[in-house]
There are 2 protein chains.
Amino acid sequence: MAPDGLDRGRHRAVNPDIESERHAPAFQVEKLVNLLDGGVEHTRTRRSVEHIINSDDVFNQENLYFLTQTERYEVAVKRAVHLRLKMKELGWADNGPEMQVANRVLGGNVAFSVHNGVFILTITELGTDAQIAKWVPLAQDYQIIGTYAQTELGHGTYLRGLETTASFDTSSQDFILNTPEPSSIKWWPGDLGRSANHAVVLAQLYTQGMCQGMHAFIVQIRSLVDHSALPGVTIGDIGPKMAFEHVDNGYLMLQNVHIPRENMLSRYSEVTSDGSYIKQGSNRINYISMVFTRVRIISVEIMPALSKACVIAIRYSVVRRQSKLKPGEMEAKILDYQTQQQKLLPQLATTFAFHFMASSLETFCNQVKVQIKTEGDVLLLPELHALSAGLKALISEACSAGVEVCRRACGGHGYSMLSGLPSLYTRVVASCTYEGENTVMQLQTARFLMKCLTRVDCGQPLAQSVSYLSEPITLHCSAKEKSDFLKPFVYVESYKQRACRLIKDAGIKLQSLLQSGVEQYVAWNSTSVQLAKAAVAHCHYVVVKNFVETMEGLKFEPEIHQVIKMLCDLYALTGILDNAGDFLYDGFMTGKQLDLVTACQLDLLAVVRKNAVSITDAFDYPDEQLNSAIGNYDGYAYQRLFQWAQKAPTNAKVNLAYEKYLKPRFQLAQSKL
Amino acid sequence: MAPDGLDRGRHRAVNPDIESERHAPAFQVEKLVNLLDGGVEHTRTRRSVEHIINSDDVFNQENLYFLTQTERYEVAVKRAVHLRLKMKELGWADNGPEMQVANRVLGGNVAFSVHNGVFILTITELGTDAQIAKWVPLAQDYQIIGTYAQTELGHGTYLRGLETTASFDTSSQDFILNTPEPSSIKWWPGDLGRSANHAVVLAQLYTQGMCQGMHAFIVQIRSLVDHSALPGVTIGDIGPKMAFEHVDNGYLMLQNVHIPRENMLSRYSEVTSDGSYIKQGSNRINYISMVFTRVRIISVEIMPALSKACVIAIRYSVVRRQSKLKPGEMEAKILDYQTQQQKLLPQLATTFAFHFMASSLETFCNQVKVQIKTEGDVLLLPELHALSAGLKALISEACSAGVEVCRRACGGHGYSMLSGLPSLYTRVVASCTYEGENTVMQLQTARFLMKCLTRVDCGQPLAQSVSYLSEPITLHCSAKEKSDFLKPFVYVESYKQRACRLIKDAGIKLQSLLQSGVEQYVAWNSTSVQLAKAAVAHCHYVVVKNFVETMEGLKFEPEIHQVIKMLCDLYALTGILDNAGDFLYDGFMTGKQLDLVTACQLDLLAVVRKNAVSITDAFDYPDEQLNSAIGNYDGYAYQRLFQWAQKAPTNAKVNLAYEKYLKPRFQLAQSKL
């Protein structure tokens, strides 16, 4: 029924409405699976880890949607500890390929991601060898759980604004930590609310009466004996959130909390016993770990939400029938409506665009990392920073919007938690805010772009991703007929021209404000809406160009190539239609050309629709991972919704509301009916 | 500190950052309050009801965000019963002005809205006088609780597709109800899951071997004695949803359930004892109640979400400070960043646009209702239907998007449930789906528009809201300088031209497909993306035009008029920028003119910003109604977040995860640290 490898546990009856979609696909699904996995070997590893996890009862997610926040947290801790044992038992390395798969599969439902991902990492990067030797083994063995306490109630992205203080006291040889204001209470750190007994606290270092800026300190916050808060420490959970119920995001207030001098992470700066502050070397390398985190969350956290939503919504759309498209026939599959195709299929294309983009970005990251390590060369860092910031914003924005489009396209059932879609949205949308708020990210990219413009003016060379800013501009789109818009160079050129114009227009406005005597900060703020827009257009161009280049470099069968090509076309043309004003603005495109784009895009929808289910199958998500009553491989949406709903805790035997408030009233009706 | 009437319970310290915003507003806030309420008298009634509710402990919503779905349900039932007693005690009429306020204030947290709003209404409209006399008093007194069971697992908007059957059996004189397939299980009805003992069930009527289509039947589903499901009835709660935790949306399966013949609602059609089917009169009037519901939810359910989100986000944005705008100064209020203004202030303008639109639509509804009642004239019904369908789609879409913009603009704290923002979104977004899925609604409006085009071709007169389709088109926007775009006739004309073109283009495509021999249903489907877009453009024009007309008709002080005018300008110009492609497409506007729009819109942001807090104050929401830790009148966001979080159930003393999984591990570290 399903091609090799795809039918793990799927030898069962399948809804004929979905089976017919899988009949004679235009390409071998397994090949596309391999392409997305990055090779046959990776597919094998992934499936084997998925199998291990999905056959372990502790990792069963079936009743997840029924749990309270506290229950979600408890289960997540249980799983984290279990996973660590499993990992040891199976000999998986800490950051090995198996653990990467395991973390991705269990992503939303295992505790200690801040402990594992940030607490340990920060010590490893900012700590001395002695500090690493002392703390990391304890942390890796979960003998201590740590958190990373940076953001405060009143302070987020703007690091320099943090108010927590760590003052060195020569008499006791201690740092004394304090939370001076309500706005400086640490707020949001994961694993802090209920689990952590240690924290890396970011605080303003004061010594010898001078403030030396932000530094990191290891602070014990809870007793190792009974887990109570240590003296001077006020600590707790920040309560309910839009999602991430399994994480105990916490708050932390410090009042004269003493920690020994050696608890300041001292690889790059140190306070000596007499209180002297010594800076040793640059910690510029740490900068890249922030960039790496940003890139990693794109693949691990953001994109899977969109691909899962696509799988669920597209499968549901071929088993859901509504209204008659043709009189006399049975009700039509909703995926046969053009409006439904217009909602879902561009999302599918987007997942591929971002998949290839993330992959290229990771390659670039690794290249920069190697260059820094081997040559001490940080030349590429500003470009990487600008690119990763802007792309994180673009991708998180588009994935959040896309998931929500998929969810709404499933009508009422998309509103049920059991569809899996609401929690995909409420979770992914957080990525627009964390790891750098999107507007802030866009403006950082814009700042880099403005610097590039200055370089162009001075005739200096540009980084590769922005080199187009010094190239000549095409004034008019060359397309003459519909098929011209299926030529990648035509749309790549269009995106390039748009980005170029928006960047230069923002630059001109900025310059003319400055030249008219407006202060720098006012000029920047007055241009910021246009600057943010320019940054988006730049990143959009990068994604389209990368899609085309990746496609052209693929070594795969022609039929796989064709699938990728049509998704690439669809992604690019949809983007033109969604931003039509930018392309028409200066006459680069005409209304007539835009009509061709519209016609071409509608044609593509019909073509992609034919292969839509097979393409979503190629994401190869086991049902357990989708955890959706309406998105299973077998297409039995209604049956599963009905089964799952019956198990909801709201169907508990006891109904207090009835007993207390309704029973007395209903008794009055007994004699009357 | 605050003007008359506004300071109910607000005589307390206020954060200086928000106080400075209220210093010397450009207009009298109380006047704007009255305008939004529709008169001084309404303001008084509203405030008095709000006071009664907010000082009643049963209605206290403070801990709402901490409750489980079951607890939310229990509290909602408690409140519903309490409200009914209160209503009797205070002599409030069932649909009187006080109850309208009470329902709006308690909206999300009181049970039985389907019982009160639809069950009783359906009996009243479709029942005979005898049926009304029998059922309505019992229902009004909560001696029975009913639901309205229409949608099925596999059937939503397409009513004719419903599969539940009601077959008349002459021997027993009973209707026998059945759920023939899993897809025909009733799904989603509110109050069904746990409360209702009766249901109005929509089913295909079979008698004398013929199907007579959809009819409504009163079915008892639970015992009046012990609330158990009656024989043949399978019933329960559908489980967790994206929001609406307080509502027990349910499922219902019927297997050979007998009900007496007189339980078919028989005002318009009847089955006699020999099984003959008799239709008496038309139930076209019922059509209008569907339209009315759609209009009512705009004011009661959809718009308040956006205005509340604006109040919360704008207040928070003047107490939140981040980064330095000017070196050497303190960190800036985030509302002083242009990008933040660009996010929030157009939302504020939108609330006014929709407020006036909803008000005009209600007036139109009432006019149609009177006309039908007094003259039996349904001539205006198609126009009202098309308008209400398209506007429901436009407004629910924009309000959902707007709430989410406001939420994200509050950064991390906007992700905390305690901000009040996440639940505003998860709830309002449901309105894109219920009462007619938005795309379906748009296409119904489009169908009406296509009929209007035909009338134009035949020289027939058009309904008032679409009369512009027969007017001559302006080919080029007349604006020459920035200030021209502050002239309402300039932007109204632009929206008109855009709507006209998109409608006509869709019509041309449809016609040319038909003329080329494509079947009607294929042609319609192939044009549906463009048809939906045309419907949106039509409604957008209607909203802008209505905003201008309302403003011009306002009898208020010039300073109030000025506030409304700048909001109107901002709404209109933002819409042009968001849809720039449509205005540039055929050269109606040039790129240069668009630059003027941009410049003009950015100027407006700066002006509106100055009055933003005072405008949001004019919505006059008591803090209890916002239920937001970051949006209170006093501006003490951080303090309240900290207070509220400490009360979260995740801060319970017992931490099972620690006891079970972490304690044994942490003990290992005791000897080492």
# chains A, B, ... in the order shown; residues from 1 in each chain; ligands from 1

call {"tool": "residues_around", "arguments": {"residues": "stretch 15-24 of chain A", "least_positions_apart": "2", "cutoff": "9 Å", "atoms": "only C-alpha atoms", "output": "list in words"}}
result
Met1, Ala2, Ala13, Ala26, Phe27, Arg315, Tyr316, Val318, Val319, Arg320, Lys333, Lys610, Asn611, Ala612, Val613, Ser614, Tyr633, Asp634, Gly635 and Tyr636 of chain A

call {"tool": "write_last_selection", "arguments": {"atoms": "N, CA and C atoms", "output": "mmCIF file, in the first residue's frame"}}
result
data_model
loop_
_atom_site.group_PDB
_atom_site.id
_atom_site.type_symbol
_atom_site.label_atom_id
_atom_site.label_comp_id
_atom_site.auth_asym_id
_atom_site.auth_seq_id
_atom_site.Cartn_x
_atom_site.Cartn_y
_atom_site.Cartn_z
ATOM 1 N N MET A 1 0.824 -1.211 0.000
ATOM 2 C CA MET A 1 0.000 0.000 0.000
ATOM 3 C C MET A 1 0.860 1.263 0.000
ATOM 4 N N ALA A 2 1.765 1.288 0.947
ATOM 5 C CA ALA A 2 2.682 2.430 0.967
ATOM 6 C C ALA A 2 4.052 1.949 0.530
ATOM 7 N N ALA A 13 -6.190 -0.955 7.602
ATOM 8 C CA ALA A 13 -7.196 -0.376 6.708
ATOM 9 C C ALA A 13 -6.991 1.128 6.615
ATOM 10 N N ALA A 26 3.345 10.613 -8.581
ATOM 11 C CA ALA A 26 4.205 10.973 -9.707
ATOM 12 C C ALA A 26 5.683 10.777 -9.383
ATOM 13 N N PHE A 27 5.959 10.416 -8.132
ATOM 14 C CA PHE A 27 7.363 10.247 -7.732
ATOM 15 C C PHE A 27 7.429 9.206 -6.616
ATOM 16 N N ARG A 315 -4.070 16.072 4.819
ATOM 17 C CA ARG A 315 -4.730 14.771 4.940
ATOM 18 C C ARG A 315 -6.211 14.936 5.278
ATOM 19 N N TYR A 316 -6.472 15.828 6.226
ATOM 20 C CA TYR A 316 -7.874 16.044 6.608
ATOM 21 C C TYR A 316 -8.686 16.562 5.411
ATOM 22 N N VAL A 318 -8.552 15.809 2.388
ATOM 23 C CA VAL A 318 -8.974 14.820 1.372
ATOM 24 C C VAL A 318 -9.941 13.789 1.959
ATOM 25 N N VAL A 319 -10.151 13.823 3.278
ATOM 26 C CA VAL A 319 -11.177 12.937 3.839
ATOM 27 C C VAL A 319 -12.425 13.723 4.228
ATOM 28 N N ARG A 320 -12.261 15.031 4.395
ATOM 29 C CA ARG A 320 -13.402 15.890 4.663
ATOM 30 C C ARG A 320 -14.086 16.204 3.339
ATOM 31 N N LYS A 333 -14.333 16.506 -1.893
ATOM 32 C CA LYS A 333 -13.219 16.665 -0.963
ATOM 33 C C LYS A 333 -12.877 18.148 -0.892
ATOM 34 N N LYS A 610 -2.496 17.490 -6.916
ATOM 35 C CA LYS A 610 -2.491 16.067 -7.290
ATOM 36 C C LYS A 610 -1.499 15.263 -6.457
ATOM 37 N N ASN A 611 -0.384 15.880 -6.109
ATOM 38 C CA ASN A 611 0.650 15.163 -5.356
ATOM 39 C C ASN A 611 0.703 15.538 -3.880
ATOM 40 N N ALA A 612 -0.278 16.315 -3.463
ATOM 41 C CA ALA A 612 -0.168 16.913 -2.127
ATOM 42 C C ALA A 612 -0.023 15.867 -1.019
ATOM 43 N N VAL A 613 -0.858 14.838 -1.033
ATOM 44 C CA VAL A 613 -0.803 13.853 0.051
ATOM 45 C C VAL A 613 0.530 13.107 0.037
ATOM 46 N N SER A 614 1.002 12.750 -1.141
ATOM 47 C CA SER A 614 2.289 12.047 -1.214
ATOM 48 C C SER A 614 3.431 12.925 -0.711
ATOM 49 N N TYR A 633 -2.188 8.894 9.315
ATOM 50 C CA TYR A 633 -1.892 8.305 8.015
ATOM 51 C C TYR A 633 -3.101 7.592 7.420
ATOM 52 N N ASP A 634 -3.911 6.979 8.267
ATOM 53 C CA ASP A 634 -5.021 6.169 7.750
ATOM 54 C C ASP A 634 -6.251 6.974 7.350
ATOM 55 N N GLY A 635 -6.271 8.250 7.696
ATOM 56 C CA GLY A 635 -7.375 9.094 7.245
ATOM 57 C C GLY A 635 -8.700 8.902 7.967
ATOM 58 N N TYR A 636 -8.690 8.150 9.074
ATOM 59 C CA TYR A 636 -9.955 7.981 9.797
ATOM 60 C C TYR A 636 -10.131 9.079 10.844
#

call {"tool": "residues_around", "arguments": {"residues": "B:Leu513", "least_positions_apart": "6", "cutoff": "10 Å", "atoms": "only C-alpha atoms", "output": "PyMOL selection string"}}
result
chain B and resi 507+519-520+522-524+526-527

call {"tool": "residues_around", "arguments": {"residues": "A:Trp188", "least_positions_apart": "4", "cutoff": "12 Å", "atoms": "only C-alpha atoms", "output": "tab-separated table (two decimals) with N, CA and C atoms, in the first residue's frame"}}
result
chain	number	residue	atom	x	y	z
A	114	VAL	N	16.41	24.07	28.99
A	114	VAL	CA	17.29	25.18	29.34
A	114	VAL	C	18.50	24.66	30.12
A	147	THR	N	19.41	26.63	35.66
A	147	THR	CA	18.66	27.44	34.70
A	147	THR	C	19.55	28.61	34.28
A	148	TYR	N	19.11	29.34	33.30
A	148	TYR	CA	19.87	30.48	32.81
A	148	TYR	C	19.00	31.72	33.04
A	149	ALA	N	19.35	32.50	34.07
A	149	ALA	CA	18.49	33.60	34.48
A	149	ALA	C	18.98	34.93	33.92
A	150	GLN	N	18.45	35.29	32.78
A	150	GLN	CA	18.85	36.53	32.13
A	150	GLN	C	17.72	37.56	32.13
A	151	THR	N	16.62	37.27	31.42
A	151	THR	CA	15.55	38.27	31.27
A	151	THR	C	14.92	38.60	32.62
A	152	GLU	N	14.51	39.85	32.73
A	152	GLU	CA	13.87	40.34	33.95
A	152	GLU	C	12.47	40.83	33.63
A	153	LEU	N	11.68	41.03	34.65
A	153	LEU	CA	10.31	41.50	34.44
A	153	LEU	C	10.27	42.71	33.51
A	154	GLY	N	11.22	43.62	33.70
A	154	GLY	CA	11.19	44.84	32.92
A	154	GLY	C	12.24	44.90	31.82
A	155	HIS	N	12.92	43.76	31.56
A	155	HIS	CA	14.02	43.82	30.61
A	155	HIS	C	14.13	42.55	29.80
A	156	GLY	N	14.10	42.72	28.49
A	156	GLY	CA	14.20	41.57	27.62
A	156	GLY	C	15.39	41.66	26.70
A	192	LEU	N	13.31	26.94	35.92
A	192	LEU	CA	13.54	27.68	37.16
A	192	LEU	C	12.37	27.55	38.14
A	193	GLY	N	11.16	27.54	37.62
A	193	GLY	CA	9.97	27.64	38.47
A	193	GLY	C	9.90	26.58	39.56
A	235	ILE	N	11.36	32.59	44.92
A	235	ILE	CA	11.41	31.84	43.68
A	235	ILE	C	10.07	31.19	43.44
A	236	GLY	N	9.71	31.02	42.18
A	236	GLY	CA	8.45	30.36	41.89
A	236	GLY	C	8.21	30.25	40.41
A	237	ASP	N	7.03	29.74	40.06
A	237	ASP	CA	6.63	29.52	38.68
A	237	ASP	C	5.79	30.72	38.23
A	238	ILE	N	5.97	31.16	36.97
A	238	ILE	CA	5.25	32.37	36.53
A	238	ILE	C	3.81	32.08	36.13
A	239	GLY	N	3.38	30.83	36.21
A	239	GLY	CA	1.97	30.53	35.97
A	239	GLY	C	1.66	30.20	34.52
A	240	PRO	N	0.36	30.24	34.17
A	240	PRO	CA	-0.08	29.75	32.86
A	240	PRO	C	0.38	30.63	31.69
A	241	LYS	N	0.70	29.95	30.58
A	241	LYS	CA	1.16	30.63	29.37
A	241	LYS	C	0.34	30.13	28.19
A	244	PHE	N	3.73	25.75	26.07
A	244	PHE	CA	4.88	25.38	26.90
A	244	PHE	C	4.46	25.05	28.34
A	247	VAL	N	6.99	23.32	30.60
A	247	VAL	CA	8.17	24.02	31.11
A	247	VAL	C	7.79	24.87	32.33
A	248	ASP	N	8.57	24.76	33.40
A	248	ASP	CA	8.31	25.57	34.59
A	248	ASP	C	9.11	26.87	34.50
A	249	ASN	N	8.66	27.75	33.60
A	249	ASN	CA	9.27	29.08	33.52
A	249	ASN	C	9.10	29.75	34.88
A	250	GLY	N	10.15	30.39	35.35
A	250	GLY	CA	10.08	30.85	36.74
A	250	GLY	C	10.45	32.30	36.95
A	251	TYR	N	10.30	32.71	38.23
A	251	TYR	CA	10.77	34.03	38.64
A	251	TYR	C	11.76	33.87	39.78
A	252	LEU	N	12.60	34.85	39.95
A	252	LEU	CA	13.67	34.75	40.93
A	252	LEU	C	14.02	36.14	41.44
A	434	TYR	N	10.80	34.88	21.30
A	434	TYR	CA	12.02	34.45	22.00
A	434	TYR	C	13.24	34.43	21.07
B	411	GLY	N	5.54	41.51	23.64
B	411	GLY	CA	6.71	40.67	23.86
B	411	GLY	C	6.41	39.46	24.72
B	412	GLY	N	7.36	39.10	25.56
B	412	GLY	CA	7.21	37.91	26.40
B	412	GLY	C	5.96	37.97	27.27
B	413	HIS	N	5.69	39.12	27.86
B	413	HIS	CA	4.55	39.20	28.76
B	413	HIS	C	3.23	39.00	28.04
B	415	TYR	N	2.73	36.75	26.10
B	415	TYR	CA	2.60	35.29	25.97
B	415	TYR	C	2.11	34.67	27.27
B	416	SER	N	2.18	35.44	28.36
B	416	SER	CA	1.65	34.95	29.63
B	416	SER	C	0.14	35.06	29.63
B	641	LEU	N	1.86	41.47	37.76
B	641	LEU	CA	2.31	40.18	37.23
B	641	LEU	C	2.91	39.34	38.35
B	642	PHE	N	3.74	39.98	39.14
B	642	PHE	CA	4.43	39.27	40.22
B	642	PHE	C	3.42	38.76	41.26
B	645	ALA	N	1.25	35.88	39.64
B	645	ALA	CA	1.99	34.63	39.39
B	645	ALA	C	2.13	33.83	40.69

call {"tool": "residues_around", "arguments": {"residues": "B:Lys369", "least_positions_apart": "5", "cutoff": "10 Å", "atoms": "only C-alpha atoms", "output": "PyMOL selection string"}}
result
chain B and resi 285+288-289+292+363-364+374-378+380-381

call {"tool": "residues_around", "arguments": {"residues": "A:Val542", "least_positions_apart": "6", "cutoff": "10 Å", "atoms": "only C-alpha atoms", "output": "PyMOL selection string"}}
result
chain A and resi 357+387+391+465-466+492+495-496+499+536

call {"tool": "select_by_dssp", "arguments": {"residues": "stretch 548-660 of chain B", "states": "alpha helix (DSSP H)", "output": "ChimeraX atom specification"}}
result
/B:548-553,558-578,580-584,591-617,623-626,637-646,656-657

call {"tool": "atom_distance", "arguments": {"atom1": "atom CA of B:Gln208", "atom2": "atom CA of B:Val257"}}
result
18.7 Å

call {"tool": "residues_around", "arguments": {"residues": "B:Tyr425", "least_positions_apart": "6", "cutoff": "12 Å", "atoms": "only C-alpha atoms", "output": "short mmCIF file (atom, residue, chain, number, x, y, z; two decimals) with C-alpha atoms, in the first residue's frame"}}
result
data_model
loop_
_atom_site.label_atom_id
_atom_site.label_comp_id
_atom_site.auth_asym_id
_atom_site.auth_seq_id
_atom_site.Cartn_x
_atom_site.Cartn_y
_atom_site.Cartn_z
CA MET A 242 -0.16 30.35 25.84
CA GLU A 404 -2.71 29.18 11.69
CA PRO A 422 -4.08 24.69 18.23
CA TYR A 425 0.20 27.41 16.74
CA THR A 426 0.30 28.55 20.36
CA MET B 242 -8.39 26.29 21.84
CA ALA B 243 -10.61 28.34 24.18
CA PHE B 244 -14.23 28.36 25.39
CA GLU B 301 -18.16 38.84 20.73
CA ILE B 302 -15.72 39.97 18.05
CA MET B 303 -15.09 43.69 18.44
CA PRO B 304 -14.65 43.77 22.22
CA ALA B 305 -11.71 41.41 21.84
CA LEU B 306 -9.88 43.94 19.69
CA SER B 307 -10.72 46.96 21.81
CA LYS B 308 -9.62 45.14 24.98
CA ALA B 309 -6.39 44.05 23.32
CA SER B 396 -13.59 38.59 12.40
CA GLU B 397 -10.47 38.23 10.27
CA ALA B 398 -9.19 41.72 11.04
CA CYS B 399 -10.04 41.54 14.74
CA SER B 400 -8.31 38.18 15.13
CA ALA B 401 -5.23 39.43 13.33
CA GLY B 402 -5.33 42.69 15.28
CA VAL B 403 -5.58 41.03 18.68
CA GLU B 404 -2.59 38.89 17.80
CA VAL B 405 -0.61 41.95 16.69
CA CYS B 406 -1.38 43.58 20.04
CA ARG B 407 -0.43 40.42 21.91
CA ARG B 408 2.89 40.01 20.16
CA GLY B 414 1.99 39.03 25.97
CA TYR B 415 2.60 35.29 25.97
CA MET B 417 -1.99 34.07 30.16
CA SER B 419 -1.70 39.43 30.39
CA SER B 431 -15.37 33.65 15.09
CA CYS B 432 -13.58 33.14 11.78
#

call {"tool": "residues_around", "arguments": {"residues": "A:Glu552", "least_positions_apart": "3", "cutoff": "10 Å", "atoms": "only C-alpha atoms", "output": "PyMOL selection string"}}
result
chain A and resi 488+546-549+555+561+564-565

call {"tool": "closest_residue", "arguments": {"among": "A:Ser171, A:Gln444, A:Asn54, A:Thr339", "to": "B:Lys533", "atoms": "only C-alpha atoms"}}
result
A:Thr339

call {"tool": "closest_residue", "arguments": {"among": "B:Met441, B:Ala358, B:Met450, B:Leu224", "to": "B:Ile298", "atoms": "only C-alpha atoms"}}
result
B:Ala358

call {"tool": "closest_residue", "arguments": {"among": "B:Arg296, B:Arg72, B:Arg44, B:Lys660", "to": "B:Gly117", "atoms": "only C-alpha atoms"}}
result
B:Arg296

call {"tool": "atom_distance", "arguments": {"atom1": "atom CA of B:Leu177", "atom2": "atom CA of B:Cys211"}}
result
13.6 Å

call {"tool": "atom_distance", "arguments": {"atom1": "atom CA of A:His82", "atom2": "atom CA of A:Leu64"}}
result
17.3 Å

call {"tool": "decode", "arguments": {"residues": "stretch 21-58 of chain B", "atoms": "C-alpha atoms", "output": "CSV table (one decimal), in the first residue's frame"}}
result
chain,number,residue,atom,x,y,z
B,21,GLU,CA,-0.1,60.3,29.2
B,22,ARG,CA,-3.4,61.4,30.6
B,23,HIS,CA,-2.1,64.9,31.3
B,24,ALA,CA,-4.1,67.4,29.3
B,25,PRO,CA,-5.7,65.2,26.7
B,26,ALA,CA,-6.7,66.9,23.5
B,27,PHE,CA,-10.4,66.1,24.1
B,28,GLN,CA,-12.7,65.3,26.9
B,29,VAL,CA,-12.5,61.5,27.4
B,30,GLU,CA,-16.0,61.3,28.9
B,31,LYS,CA,-17.5,62.7,25.7
B,32,LEU,CA,-15.8,59.9,23.7
B,33,VAL,CA,-17.1,57.4,26.2
B,34,ASN,CA,-20.6,58.6,25.6
B,35,LEU,CA,-20.1,58.5,21.8
B,36,LEU,CA,-19.0,54.9,22.0
B,37,ASP,CA,-21.8,54.0,24.3
B,38,GLY,CA,-24.4,55.7,22.1
B,39,GLY,CA,-25.4,58.3,24.6
B,40,VAL,CA,-25.1,59.5,28.2
B,41,GLU,CA,-28.0,57.3,29.3
B,42,HIS,CA,-26.4,54.2,28.0
B,43,THR,CA,-23.1,55.1,29.7
B,44,ARG,CA,-25.0,55.3,33.0
B,45,THR,CA,-26.8,52.0,32.6
B,46,ARG,CA,-23.6,50.2,31.6
B,47,ARG,CA,-21.7,51.5,34.5
B,48,SER,CA,-24.4,50.7,37.0
B,49,VAL,CA,-24.6,47.1,35.8
B,50,GLU,CA,-20.9,46.8,35.6
B,51,HIS,CA,-20.7,48.0,39.2
B,52,ILE,CA,-23.3,45.4,40.4
B,53,ILE,CA,-21.4,42.6,38.7
B,54,ASN,CA,-18.0,43.6,39.6
B,55,SER,CA,-18.9,43.9,43.3
B,56,ASP,CA,-20.4,40.4,43.4
B,57,ASP,CA,-18.0,37.7,44.5
B,58,VAL,CA,-19.6,35.0,42.4
